[in-house]
$ cat structure24.txt   # compact mmCIF, C-alpha atoms and all ligand atoms
# COMPACT_ATOMS: atom_id res chain seq x y z
CA MET A 1 -115.33 177.09 -42.47
CA LYS A 2 -114.08 180.26 -40.86
CA ARG A 3 -111.20 182.09 -42.45
CA VAL A 4 -108.17 183.47 -40.71
CA GLU A 5 -106.79 186.75 -41.98
CA THR A 6 -103.88 185.52 -44.05
CA GLN A 7 -101.47 187.04 -46.49
CA PHE A 8 -98.70 185.48 -48.51
CA LEU A 9 -95.62 187.49 -47.54
CA LYS A 10 -92.88 186.01 -49.69
CA GLY A 11 -90.82 183.04 -50.73
CA VAL A 12 -87.43 183.03 -49.07
CA ALA A 13 -84.42 181.52 -50.87
CA HIS A 14 -81.65 183.24 -48.86
CA TRP A 15 -81.13 183.85 -45.16
CA GLU A 16 -81.03 187.63 -45.65
CA GLN A 17 -84.59 187.57 -46.97
CA LEU A 18 -86.08 186.24 -43.72
CA PRO A 19 -88.54 188.67 -42.07
CA ALA A 20 -86.95 190.95 -39.49
CA ASP A 21 -90.02 191.77 -37.36
CA GLY A 22 -89.50 188.93 -34.88
CA ARG A 23 -93.02 187.50 -35.02
CA PRO A 24 -93.17 183.86 -34.00
CA GLU A 25 -92.92 181.34 -36.80
CA VAL A 26 -94.52 177.92 -37.15
CA ALA A 27 -92.82 175.75 -39.75
CA LEU A 28 -94.60 172.98 -41.67
CA MET A 29 -92.09 170.27 -42.39
CA GLY A 30 -92.26 166.85 -43.97
CA ARG A 31 -91.51 164.75 -46.97
CA SER A 32 -92.55 165.86 -50.37
CA ASN A 33 -96.28 165.36 -51.09
CA VAL A 34 -97.21 164.69 -47.43
CA GLY A 35 -99.76 167.51 -47.50
CA LYS A 36 -97.99 170.59 -46.11
CA SER A 37 -99.60 173.08 -48.45
CA SER A 38 -103.00 171.41 -48.03
CA LEU A 39 -102.70 171.65 -44.24
CA LEU A 40 -101.79 175.31 -44.50
CA ASN A 41 -104.88 175.91 -46.62
CA LEU A 42 -106.98 174.01 -44.06
CA LEU A 43 -105.55 176.05 -41.18
CA VAL A 44 -106.31 179.39 -42.77
CA GLY A 45 -109.63 178.29 -44.26
CA LEU A 46 -108.77 179.07 -47.85
CA LYS A 47 -108.71 176.50 -50.60
CA ALA A 48 -105.78 177.85 -52.56
CA MET A 49 -103.61 180.03 -50.34
CA ALA A 50 -100.60 177.74 -50.53
CA ARG A 51 -100.14 176.06 -53.83
CA VAL A 52 -101.15 172.41 -53.71
CA SER A 53 -99.20 170.37 -56.16
CA ARG A 54 -99.47 166.83 -57.42
CA THR A 55 -95.88 167.07 -58.60
CA PRO A 56 -93.64 166.32 -55.61
CA GLY A 57 -90.99 168.81 -54.65
CA ARG A 58 -92.51 171.78 -56.44
CA THR A 59 -92.18 174.23 -53.54
CA GLN A 60 -88.49 175.14 -53.43
CA GLU A 61 -88.52 178.19 -51.20
CA LEU A 62 -89.53 178.83 -47.60
CA ASN A 63 -92.97 180.33 -48.13
CA PHE A 64 -94.02 182.80 -45.44
CA PHE A 65 -97.71 183.40 -44.72
CA ALA A 66 -98.67 186.13 -42.27
CA ILE A 67 -101.50 185.15 -39.91
CA GLY A 68 -102.93 188.49 -38.91
CA ASP A 69 -100.02 190.38 -37.41
CA ARG A 70 -99.43 187.66 -34.88
CA LEU A 71 -97.38 184.88 -36.44
CA TYR A 72 -96.05 183.37 -39.65
CA LEU A 73 -96.85 179.94 -41.01
CA VAL A 74 -93.84 178.80 -42.98
CA ASP A 75 -94.39 176.21 -45.72
CA LEU A 76 -91.01 174.51 -46.06
CA PRO A 77 -89.89 172.75 -49.22
CA GLY A 78 -90.76 169.03 -49.29
CA LEU A 79 -87.91 166.80 -48.20
CA GLY A 80 -86.70 163.72 -50.01
CA TYR A 81 -88.41 161.49 -52.47
CA ALA A 82 -89.46 157.85 -52.21
CA ASN A 83 -86.52 156.85 -54.40
CA ALA A 84 -84.00 159.20 -52.81
CA PRO A 85 -80.44 158.10 -52.09
CA LYS A 86 -79.61 156.96 -48.59
CA ARG A 87 -78.06 160.15 -47.33
CA LEU A 88 -81.29 162.07 -47.33
CA ARG A 89 -79.90 164.90 -45.29
CA LEU A 90 -78.09 165.96 -48.46
CA LEU A 91 -81.47 166.87 -49.87
CA TRP A 92 -82.13 169.32 -47.07
CA SER A 93 -80.94 172.60 -48.40
CA ARG A 94 -78.43 174.39 -46.22
CA LEU A 95 -81.04 177.08 -45.82
CA ILE A 96 -83.56 174.69 -44.24
CA GLU A 97 -80.95 173.27 -41.92
CA ARG A 98 -79.74 176.68 -40.87
CA TYR A 99 -83.29 177.95 -40.54
CA LEU A 100 -84.19 175.14 -38.15
CA ALA A 101 -80.98 175.31 -36.17
CA GLU A 102 -80.60 179.06 -35.80
CA ARG A 103 -83.86 180.84 -36.45
CA GLU A 104 -84.69 182.84 -33.33
CA PRO A 105 -88.48 183.34 -33.85
CA LEU A 106 -89.07 179.66 -34.66
CA ALA A 107 -91.75 178.73 -32.12
CA LEU A 108 -92.81 175.33 -33.42
CA VAL A 109 -91.86 172.72 -35.99
CA LEU A 110 -94.97 170.90 -37.19
CA HIS A 111 -93.77 167.60 -38.64
CA LEU A 112 -96.29 166.14 -41.06
CA VAL A 113 -96.37 162.35 -41.39
CA ASP A 114 -98.61 160.48 -43.83
CA ILE A 115 -100.95 158.34 -41.72
CA ARG A 116 -100.89 155.59 -44.36
CA HIS A 117 -97.20 154.81 -43.98
CA GLU A 118 -94.83 153.92 -41.19
CA PRO A 119 -92.49 156.89 -40.61
CA LEU A 120 -90.05 156.86 -43.55
CA ALA A 121 -86.30 157.39 -43.50
CA VAL A 122 -86.78 161.10 -44.05
CA ASP A 123 -89.19 161.25 -41.08
CA LEU A 124 -86.67 159.52 -38.85
CA GLU A 125 -84.06 162.05 -39.98
CA ILE A 126 -86.36 164.90 -39.05
CA MET A 127 -86.96 163.36 -35.61
CA ALA A 128 -83.24 162.86 -35.05
CA PHE A 129 -82.54 166.45 -36.04
CA VAL A 130 -85.33 167.77 -33.80
CA ALA A 131 -83.97 165.75 -30.86
CA GLU A 132 -80.40 166.88 -31.49
CA GLN A 133 -81.39 170.55 -31.75
CA GLN A 134 -84.08 170.30 -29.05
CA LEU A 135 -86.60 172.10 -31.21
CA PRO A 136 -90.18 172.86 -30.13
CA TYR A 137 -92.01 170.10 -31.91
CA ALA A 138 -95.34 168.46 -32.68
CA VAL A 139 -96.50 165.87 -35.21
CA VAL A 140 -99.46 166.02 -37.56
CA LEU A 141 -100.71 162.76 -39.09
CA THR A 142 -102.13 163.75 -42.48
CA LYS A 143 -104.62 162.25 -44.92
CA SER A 144 -106.71 160.49 -42.26
CA ASP A 145 -109.58 160.17 -44.74
CA LYS A 146 -107.50 157.59 -46.61
CA VAL A 147 -107.48 155.02 -43.79
CA ASN A 148 -109.90 153.29 -41.42
CA ARG A 149 -109.88 153.52 -37.63
CA SER A 150 -107.77 150.44 -37.04
CA ARG A 151 -105.04 151.70 -39.39
CA GLN A 152 -105.20 155.05 -37.54
CA ALA A 153 -104.48 153.24 -34.29
CA VAL A 154 -101.59 151.32 -35.86
CA ALA A 155 -100.18 154.56 -37.27
CA ARG A 156 -100.23 156.08 -33.78
CA ARG A 157 -98.32 153.12 -32.37
CA GLU A 158 -95.73 153.21 -35.17
CA LEU A 159 -95.31 156.93 -34.67
CA ASP A 160 -94.92 156.63 -30.90
CA LEU A 161 -92.30 153.93 -31.37
CA ALA A 162 -90.29 156.04 -33.83
CA LEU A 163 -90.50 159.05 -31.50
CA ARG A 164 -89.31 157.00 -28.54
CA GLU A 165 -86.42 155.59 -30.56
CA ALA A 166 -85.42 159.13 -31.53
CA GLY A 167 -85.40 160.04 -27.84
CA LEU A 168 -88.42 162.32 -28.15
CA GLY A 169 -90.91 161.93 -25.30
CA GLU A 170 -94.27 163.62 -24.80
CA VAL A 171 -94.71 164.88 -28.34
CA PRO A 172 -98.17 166.31 -29.04
CA VAL A 173 -99.90 164.73 -32.05
CA ALA A 174 -102.85 165.89 -34.14
CA VAL A 175 -104.69 163.93 -36.84
CA THR A 176 -105.97 165.78 -39.90
CA SER A 177 -107.71 165.43 -43.20
CA ALA A 178 -107.43 168.40 -45.51
CA GLU A 179 -109.79 166.57 -47.82
CA LYS A 180 -112.55 166.31 -45.19
CA GLY A 181 -111.63 169.46 -43.27
CA LEU A 182 -110.80 167.57 -40.07
CA GLY A 183 -108.30 168.38 -37.33
CA ARG A 184 -108.06 172.10 -37.87
CA ALA A 185 -108.84 173.08 -34.27
CA ALA A 186 -106.46 170.41 -32.96
CA VAL A 187 -103.55 171.85 -34.95
CA TRP A 188 -104.37 175.41 -33.92
CA ALA A 189 -104.38 174.19 -30.33
CA LEU A 190 -100.83 172.88 -30.80
CA VAL A 191 -99.81 176.25 -32.20
CA GLU A 192 -101.42 178.13 -29.30
CA GLN A 193 -99.68 175.85 -26.85
CA ALA A 194 -96.30 176.50 -28.48
CA LEU A 195 -96.85 180.27 -28.52
CA ALA A 196 -97.71 180.16 -24.84
CA GLU A 197 -94.42 178.45 -23.92
CA PRO A 198 -92.25 180.67 -21.73
CA ASP A 199 -89.32 180.86 -24.18
CA ALA A 200 -91.56 181.80 -27.08
CA PRO A 201 -91.81 185.49 -28.01
CA PRO A 202 -94.57 187.27 -26.04
CA ALA A 203 -97.95 187.37 -27.70
CA ASP A 204 -98.92 190.79 -26.26
CA ASP A 205 -102.67 191.13 -25.86
CA ALA A 206 -103.35 189.44 -29.15
CA PRO A 207 -106.68 187.64 -29.42
CA GLN A 208 -106.56 183.89 -28.88
CA GLY A 209 -107.46 181.33 -31.51
CA PRO A 210 -108.46 181.46 -35.15
CA ASP A 211 -112.04 182.52 -34.42
CA ALA A 212 -110.75 185.71 -32.85
CA TRP A 213 -108.86 186.52 -36.05
CA ASP A 214 -111.83 186.07 -38.29
CA GLU A 215 -111.51 189.41 -40.03
CA ALA A 216 -110.80 188.30 -43.56
CA GLY A 217 -113.35 189.02 -46.23
N1 LIG B 301 -107.12 162.39 -49.54
C1 LIG B 301 -106.32 163.39 -49.11
N2 LIG B 301 -105.42 163.93 -49.96
C2 LIG B 301 -104.63 164.92 -49.50
C3 LIG B 301 -104.72 165.42 -48.18
N3 LIG B 301 -103.80 166.39 -48.01
C4 LIG B 301 -103.16 166.50 -49.20
N4 LIG B 301 -103.65 165.62 -50.11
C5 LIG B 301 -103.21 165.44 -51.51
O1 LIG B 301 -101.83 165.10 -51.51
C6 LIG B 301 -101.16 165.74 -52.60
C7 LIG B 301 -100.00 166.57 -52.06
O2 LIG B 301 -100.52 167.62 -51.26
P1 LIG B 301 -99.68 168.96 -50.99
O3 LIG B 301 -100.44 169.74 -49.99
O4 LIG B 301 -99.34 169.63 -52.28
O5 LIG B 301 -98.35 168.35 -50.37
P2 LIG B 301 -96.99 169.12 -50.00
O6 LIG B 301 -96.45 168.44 -48.81
O7 LIG B 301 -97.24 170.58 -49.91
O8 LIG B 301 -96.10 168.77 -51.29
P3 LIG B 301 -94.74 169.53 -51.74
O9 LIG B 301 -94.97 171.00 -51.63
O10 LIG B 301 -94.57 169.05 -53.15
O11 LIG B 301 -93.67 169.03 -50.85
C8 LIG B 301 -102.22 166.56 -53.33
O12 LIG B 301 -102.71 165.81 -54.41
C9 LIG B 301 -103.30 166.75 -52.28
O13 LIG B 301 -104.58 166.92 -52.82
C10 LIG B 301 -105.72 164.82 -47.30
O14 LIG B 301 -105.89 165.18 -46.12
N5 LIG B 301 -106.48 163.84 -47.84
MG MG B 302 -96.33 172.17 -50.88
$ encode --input "structure24.txt" --output "structure tokens" --more "lines below"
Ligand SMILES: Nc1nc2c(ncn2[C@@H]2O[C@H](COP(=O)(O)OP(=O)(O)OP(=O)(O)O)[C@@H](O)[C@H]2O)c(=O)[nH]1
Ligand SMILES: [Mg+2]
Amino acid sequence: MKRVETQFLKGVAHWEQLPADGRPEVALMGRSNVGKSSLLNLLVGLKAMARVSRTPGRTQELNFFAIGDRLYLVDLPGLGYANAPKRLRLLWSRLIERYLAEREPLALVLHLVDIRHEPLAVDLEIMAFVAEQQLPYAVVLTKSDKVNRSRQAVARRELDLALREAGLGEVPVAVTSAEKGLGRAAVWALVEQALAEPDAPPADDAPQGPDAWDEAG
């Protein structure tokens, strides 16, 4: 698997610590344990760039990873737990909420949904928030190695229904397995598409696609 030149920049716990260079940012968002850190590792082609934890909710800060000098992947803290109280939004830190609502360089929210389960309450909250704020948005169905083809098809239908009910039409979807190394190019394609949108920050003459950034040792 090819690597993408990647560096951990920092964990951000306060607004003032956000990078000031204006590079576009792609945020990985989803419930705790859905596979955000694993997807980040898959995307950059390194096994242990983002910490993968079996203990839900371990990542408490917004973790910024520089992809070349072109963009940041932002590993957001996991949201909500299976046994969380009803008002899940309370578990979103004010920083996450403000980051999503106000962050200028935010070019794409990648919402990770576990392919094994119907979208959970926390997923519906994310969709509602995305619709309300009109954020650039795509969904990644994770852990595809855990289900068969027919369950994959059902998951797509359940997802499409939830998206429609949230008022979100035409949302791009990728299917991944960090375990099997599947879906990497599909997710990068979503990122490229978002960076190419007219209201995204200009990409200069930067090379296109992860293969072009294959400079890491
Ligand atoms: N089988 C399988 N397991 C996966 C996959 N992706 C992640 N996992 C497992 O799911 C667990 C959680 O993965 P993480 O990547 O740490 O999830 P996270 O969303 O970053 O979790 P928090 O940071 O705690 O919110 C780990 O045990 C991973 O090994 C996948 O594609 N397939
Ligand atoms: Mg994580």
$ closest_residue --input "structure24.txt" --among "A:Gly183, A:Pro119, A:Gly11, A:Pro105" --to "Leu43 of chain A" --atoms "only C-alpha atoms"
A:Gly183
$ closest_residue --input "structure24.txt" --among "A:Gln7, A:Gly45, A:Asp69, A:Val74" --to "ligand MG 302 (chain B)" --atoms "all atoms listed in the file"
A:Val74
$ atom_distance --input "structure24.txt" --atom1 "atom CA of Asp75 of chain A" --atom2 "atom CA of Ala50 of chain A"
8.0 Å
$ atom_distance --input "structure24.txt" --atom1 "atom CA of Gly68 of chain A" --atom2 "atom CA of Val130 of chain A"
27.7 Å
$ residues_around --input "structure24.txt" --residues "Arg94 of chain A" --least-positions-apart "5" --cutoff "12 Å" --atoms "all atoms listed in the file" --output "PDB file with C-alpha atoms, in the coordinates of the input"
ATOM      1  CA  ALA A  13     -84.420 181.520 -50.870  1.00  0.00           C
ATOM      2  CA  HIS A  14     -81.650 183.240 -48.860  1.00  0.00           C
ATOM      3  CA  TRP A  15     -81.130 183.850 -45.160  1.00  0.00           C
ATOM      4  CA  GLU A  61     -88.520 178.190 -51.200  1.00  0.00           C
ATOM      5  CA  PRO A  77     -89.890 172.750 -49.220  1.00  0.00           C
ATOM      6  CA  ARG A  89     -79.900 164.900 -45.290  1.00  0.00           C
ATOM      7  CA  TYR A  99     -83.290 177.950 -40.540  1.00  0.00           C
ATOM      8  CA  LEU A 100     -84.190 175.140 -38.150  1.00  0.00           C
ATOM      9  CA  ALA A 101     -80.980 175.310 -36.170  1.00  0.00           C
ATOM     10  CA  GLU A 102     -80.600 179.060 -35.800  1.00  0.00           C
TER      11      GLU A 102
END
$ residues_near_ligand --input "structure24.txt" --ligand "ligand LIG 301 (chain B)" --cutoff "9 Å" --atoms "all atoms listed in the file" --output "PyMOL selection string"
chain A and resi 28-41+50-60+75-80+112+114+142-146+176-182
$ residues_around --input "structure24.txt" --residues "Ile67 of chain A" --least-positions-apart "5" --cutoff "8 Å" --atoms "all atoms listed in the file" --output "list of chain:residue names"
A:Val4, A:Glu5, A:Thr6, A:Gln7, A:Tyr72, A:Leu73
$ closest_residue --input "structure24.txt" --among "A:Asn63, A:Gln17, A:Gln133, A:Ser150" --to "ligand MG 302 (chain B)" --atoms "all atoms listed in the file"
A:Asn63
$ decode --input "structure24.txt" --residues "segment 2-136 of chain A" --atoms "C-alpha atoms" --output "PDB file, in the first residue's frame"
ATOM      1  CA  LYS A   2       1.344   3.385  -0.970  1.00  0.00           C
ATOM      2  CA  ARG A   3       1.998   5.926   1.731  1.00  0.00           C
ATOM      3  CA  VAL A   4       1.014   9.546   1.706  1.00  0.00           C
ATOM      4  CA  GLU A   5       3.427  12.004   3.250  1.00  0.00           C
ATOM      5  CA  THR A   6       1.790  12.566   6.610  1.00  0.00           C
ATOM      6  CA  GLN A   7       2.724  14.266   9.828  1.00  0.00           C
ATOM      7  CA  PHE A   8       0.869  14.542  13.090  1.00  0.00           C
ATOM      8  CA  LEU A   9       0.645  18.289  13.693  1.00  0.00           C
ATOM      9  CA  LYS A  10      -1.081  18.545  17.057  1.00  0.00           C
ATOM     10  CA  GLY A  11      -4.072  17.844  19.224  1.00  0.00           C
ATOM     11  CA  VAL A  12      -6.312  20.861  19.556  1.00  0.00           C
ATOM     12  CA  ALA A  13      -8.318  21.421  22.747  1.00  0.00           C
ATOM     13  CA  HIS A  14      -9.001  25.165  22.333  1.00  0.00           C
ATOM     14  CA  TRP A  15     -10.102  27.286  19.396  1.00  0.00           C
ATOM     15  CA  GLU A  16      -6.952  29.432  19.584  1.00  0.00           C
ATOM     16  CA  GLN A  17      -4.809  26.373  18.886  1.00  0.00           C
ATOM     17  CA  LEU A  18      -6.323  25.745  15.437  1.00  0.00           C
ATOM     18  CA  PRO A  19      -3.793  26.066  12.578  1.00  0.00           C
ATOM     19  CA  ALA A  20      -3.663  29.524  11.023  1.00  0.00           C
ATOM     20  CA  ASP A  21      -2.299  28.633   7.569  1.00  0.00           C
ATOM     21  CA  GLY A  22      -5.712  28.239   5.932  1.00  0.00           C
ATOM     22  CA  ARG A  23      -5.106  24.838   4.345  1.00  0.00           C
ATOM     23  CA  PRO A  24      -8.315  22.941   3.664  1.00  0.00           C
ATOM     24  CA  GLU A  25      -9.437  20.563   6.376  1.00  0.00           C
ATOM     25  CA  VAL A  26     -11.276  17.255   6.106  1.00  0.00           C
ATOM     26  CA  ALA A  27     -12.889  16.195   9.366  1.00  0.00           C
ATOM     27  CA  LEU A  28     -13.551  12.559  10.292  1.00  0.00           C
ATOM     28  CA  MET A  29     -16.670  12.446  12.403  1.00  0.00           C
ATOM     29  CA  GLY A  30     -18.753   9.698  13.924  1.00  0.00           C
ATOM     30  CA  ARG A  31     -19.713   7.845  17.023  1.00  0.00           C
ATOM     31  CA  SER A  32     -17.099   6.492  19.313  1.00  0.00           C
ATOM     32  CA  ASN A  33     -15.446   3.289  18.042  1.00  0.00           C
ATOM     33  CA  VAL A  34     -16.849   3.599  14.489  1.00  0.00           C
ATOM     34  CA  GLY A  35     -13.345   3.443  13.026  1.00  0.00           C
ATOM     35  CA  LYS A  36     -12.231   7.064  12.517  1.00  0.00           C
ATOM     36  CA  SER A  37      -8.623   6.521  13.502  1.00  0.00           C
ATOM     37  CA  SER A  38      -8.474   3.279  11.519  1.00  0.00           C
ATOM     38  CA  LEU A  39      -9.795   5.054   8.419  1.00  0.00           C
ATOM     39  CA  LEU A  40      -7.213   7.781   8.832  1.00  0.00           C
ATOM     40  CA  ASN A  41      -4.486   5.156   9.007  1.00  0.00           C
ATOM     41  CA  LEU A  42      -5.908   3.495   5.886  1.00  0.00           C
ATOM     42  CA  LEU A  43      -6.005   6.799   4.009  1.00  0.00           C
ATOM     43  CA  VAL A  44      -2.403   7.664   4.726  1.00  0.00           C
ATOM     44  CA  GLY A  45      -1.140   4.089   4.373  1.00  0.00           C
ATOM     45  CA  LEU A  46       0.359   3.816   7.822  1.00  0.00           C
ATOM     46  CA  LYS A  47      -0.732   1.300  10.396  1.00  0.00           C
ATOM     47  CA  ALA A  48      -0.359   3.442  13.480  1.00  0.00           C
ATOM     48  CA  MET A  49      -0.457   7.117  12.529  1.00  0.00           C
ATOM     49  CA  ALA A  50      -3.673   7.820  14.414  1.00  0.00           C
ATOM     50  CA  ARG A  51      -4.048   5.898  17.600  1.00  0.00           C
ATOM     51  CA  VAL A  52      -6.523   3.054  17.247  1.00  0.00           C
ATOM     52  CA  SER A  53      -8.203   2.298  20.498  1.00  0.00           C
ATOM     53  CA  ARG A  54     -10.450  -0.478  21.695  1.00  0.00           C
ATOM     54  CA  THR A  55     -11.561   1.768  24.538  1.00  0.00           C
ATOM     55  CA  PRO A  56     -14.317   4.033  23.189  1.00  0.00           C
ATOM     56  CA  GLY A  57     -13.956   7.760  23.550  1.00  0.00           C
ATOM     57  CA  ARG A  58     -10.203   7.785  24.073  1.00  0.00           C
ATOM     58  CA  THR A  59      -9.447  10.559  21.586  1.00  0.00           C
ATOM     59  CA  GLN A  60     -10.533  13.762  23.321  1.00  0.00           C
ATOM     60  CA  GLU A  61      -8.885  16.398  21.176  1.00  0.00           C
ATOM     61  CA  LEU A  62      -9.184  17.423  17.529  1.00  0.00           C
ATOM     62  CA  ASN A  63      -6.140  15.678  16.096  1.00  0.00           C
ATOM     63  CA  PHE A  64      -4.629  17.411  13.072  1.00  0.00           C
ATOM     64  CA  PHE A  65      -2.631  15.423  10.513  1.00  0.00           C
ATOM     65  CA  ALA A  66      -0.868  17.291   7.732  1.00  0.00           C
ATOM     66  CA  ILE A  67      -1.145  15.582   4.333  1.00  0.00           C
ATOM     67  CA  GLY A  68       1.855  16.935   2.486  1.00  0.00           C
ATOM     68  CA  ASP A  69       1.427  20.690   2.560  1.00  0.00           C
ATOM     69  CA  ARG A  70      -1.938  20.436   0.912  1.00  0.00           C
ATOM     70  CA  LEU A  71      -4.594  19.650   3.509  1.00  0.00           C
ATOM     71  CA  TYR A  72      -5.279  18.485   7.043  1.00  0.00           C
ATOM     72  CA  LEU A  73      -7.147  15.366   8.049  1.00  0.00           C
ATOM     73  CA  VAL A  74      -8.801  16.077  11.375  1.00  0.00           C
ATOM     74  CA  ASP A  75      -9.614  13.116  13.617  1.00  0.00           C
ATOM     75  CA  LEU A  76     -12.476  14.371  15.771  1.00  0.00           C
ATOM     76  CA  PRO A  77     -13.285  12.927  19.187  1.00  0.00           C
ATOM     77  CA  GLY A  78     -15.817  10.068  19.076  1.00  0.00           C
ATOM     78  CA  LEU A  79     -19.357  11.165  19.778  1.00  0.00           C
ATOM     79  CA  GLY A  80     -21.752   9.503  22.178  1.00  0.00           C
ATOM     80  CA  TYR A  81     -21.829   6.037  23.567  1.00  0.00           C
ATOM     81  CA  ALA A  82     -24.322   3.220  23.076  1.00  0.00           C
ATOM     82  CA  ASN A  83     -25.750   3.888  26.531  1.00  0.00           C
ATOM     83  CA  ALA A  84     -25.662   7.676  26.292  1.00  0.00           C
ATOM     84  CA  PRO A  85     -28.514   9.812  27.599  1.00  0.00           C
ATOM     85  CA  LYS A  86     -31.086  11.038  25.118  1.00  0.00           C
ATOM     86  CA  ARG A  87     -29.731  14.509  24.604  1.00  0.00           C
ATOM     87  CA  LEU A  88     -26.640  13.362  22.796  1.00  0.00           C
ATOM     88  CA  ARG A  89     -25.790  16.805  21.563  1.00  0.00           C
ATOM     89  CA  LEU A  90     -24.667  17.528  25.117  1.00  0.00           C
ATOM     90  CA  LEU A  91     -21.806  15.152  24.516  1.00  0.00           C
ATOM     91  CA  TRP A  92     -20.539  17.199  21.599  1.00  0.00           C
ATOM     92  CA  SER A  93     -18.017  19.494  23.097  1.00  0.00           C
ATOM     93  CA  ARG A  94     -18.575  23.163  22.401  1.00  0.00           C
ATOM     94  CA  LEU A  95     -15.312  23.065  20.511  1.00  0.00           C
ATOM     95  CA  ILE A  96     -16.578  20.444  18.041  1.00  0.00           C
ATOM     96  CA  GLU A  97     -19.809  22.317  17.513  1.00  0.00           C
ATOM     97  CA  ARG A  98     -18.046  25.607  16.979  1.00  0.00           C
ATOM     98  CA  TYR A  99     -15.436  23.970  14.773  1.00  0.00           C
ATOM     99  CA  LEU A 100     -18.110  22.550  12.479  1.00  0.00           C
ATOM    100  CA  ALA A 101     -20.233  25.674  12.430  1.00  0.00           C
ATOM    101  CA  GLU A 102     -17.552  28.326  12.030  1.00  0.00           C
ATOM    102  CA  ARG A 103     -14.325  26.828  10.776  1.00  0.00           C
ATOM    103  CA  GLU A 104     -13.454  28.597   7.534  1.00  0.00           C
ATOM    104  CA  PRO A 105     -11.039  26.017   5.991  1.00  0.00           C
ATOM    105  CA  LEU A 106     -13.403  23.098   6.659  1.00  0.00           C
ATOM    106  CA  ALA A 107     -13.771  21.597   3.170  1.00  0.00           C
ATOM    107  CA  LEU A 108     -15.513  18.325   3.995  1.00  0.00           C
ATOM    108  CA  VAL A 109     -17.133  16.479   6.869  1.00  0.00           C
ATOM    109  CA  LEU A 110     -16.655  12.736   6.429  1.00  0.00           C
ATOM    110  CA  HIS A 111     -19.342  11.076   8.533  1.00  0.00           C
ATOM    111  CA  LEU A 112     -18.431   7.508   9.415  1.00  0.00           C
ATOM    112  CA  VAL A 113     -21.295   5.068   9.935  1.00  0.00           C
ATOM    113  CA  ASP A 114     -20.832   1.444  11.009  1.00  0.00           C
ATOM    114  CA  ILE A 115     -22.174  -0.700   8.166  1.00  0.00           C
ATOM    115  CA  ARG A 116     -23.456  -3.288  10.654  1.00  0.00           C
ATOM    116  CA  HIS A 117     -25.995  -0.995  12.283  1.00  0.00           C
ATOM    117  CA  GLU A 118     -28.842   1.203  11.185  1.00  0.00           C
ATOM    118  CA  PRO A 119     -27.811   4.853  11.681  1.00  0.00           C
ATOM    119  CA  LEU A 120     -27.948   5.467  15.444  1.00  0.00           C
ATOM    120  CA  ALA A 121     -29.347   8.461  17.298  1.00  0.00           C
ATOM    121  CA  VAL A 122     -25.953  10.124  17.240  1.00  0.00           C
ATOM    122  CA  ASP A 123     -25.743   9.613  13.453  1.00  0.00           C
ATOM    123  CA  LEU A 124     -29.147  11.210  12.976  1.00  0.00           C
ATOM    124  CA  GLU A 125     -27.971  14.152  15.094  1.00  0.00           C
ATOM    125  CA  ILE A 126     -24.923  14.561  12.901  1.00  0.00           C
ATOM    126  CA  MET A 127     -27.106  14.509   9.768  1.00  0.00           C
ATOM    127  CA  ALA A 128     -29.497  17.064  11.246  1.00  0.00           C
ATOM    128  CA  PHE A 129     -26.607  19.332  12.177  1.00  0.00           C
ATOM    129  CA  VAL A 130     -25.020  18.976   8.731  1.00  0.00           C
ATOM    130  CA  ALA A 131     -28.339  19.839   7.075  1.00  0.00           C
ATOM    131  CA  GLU A 132     -28.928  22.806   9.366  1.00  0.00           C
ATOM    132  CA  GLN A 133     -25.426  24.198   8.804  1.00  0.00           C
ATOM    133  CA  GLN A 134     -25.308  23.157   5.131  1.00  0.00           C
ATOM    134  CA  LEU A 135     -21.877  21.628   5.547  1.00  0.00           C
ATOM    135  CA  PRO A 136     -19.940  19.953   2.722  1.00  0.00           C
TER     136      PRO A 136
END
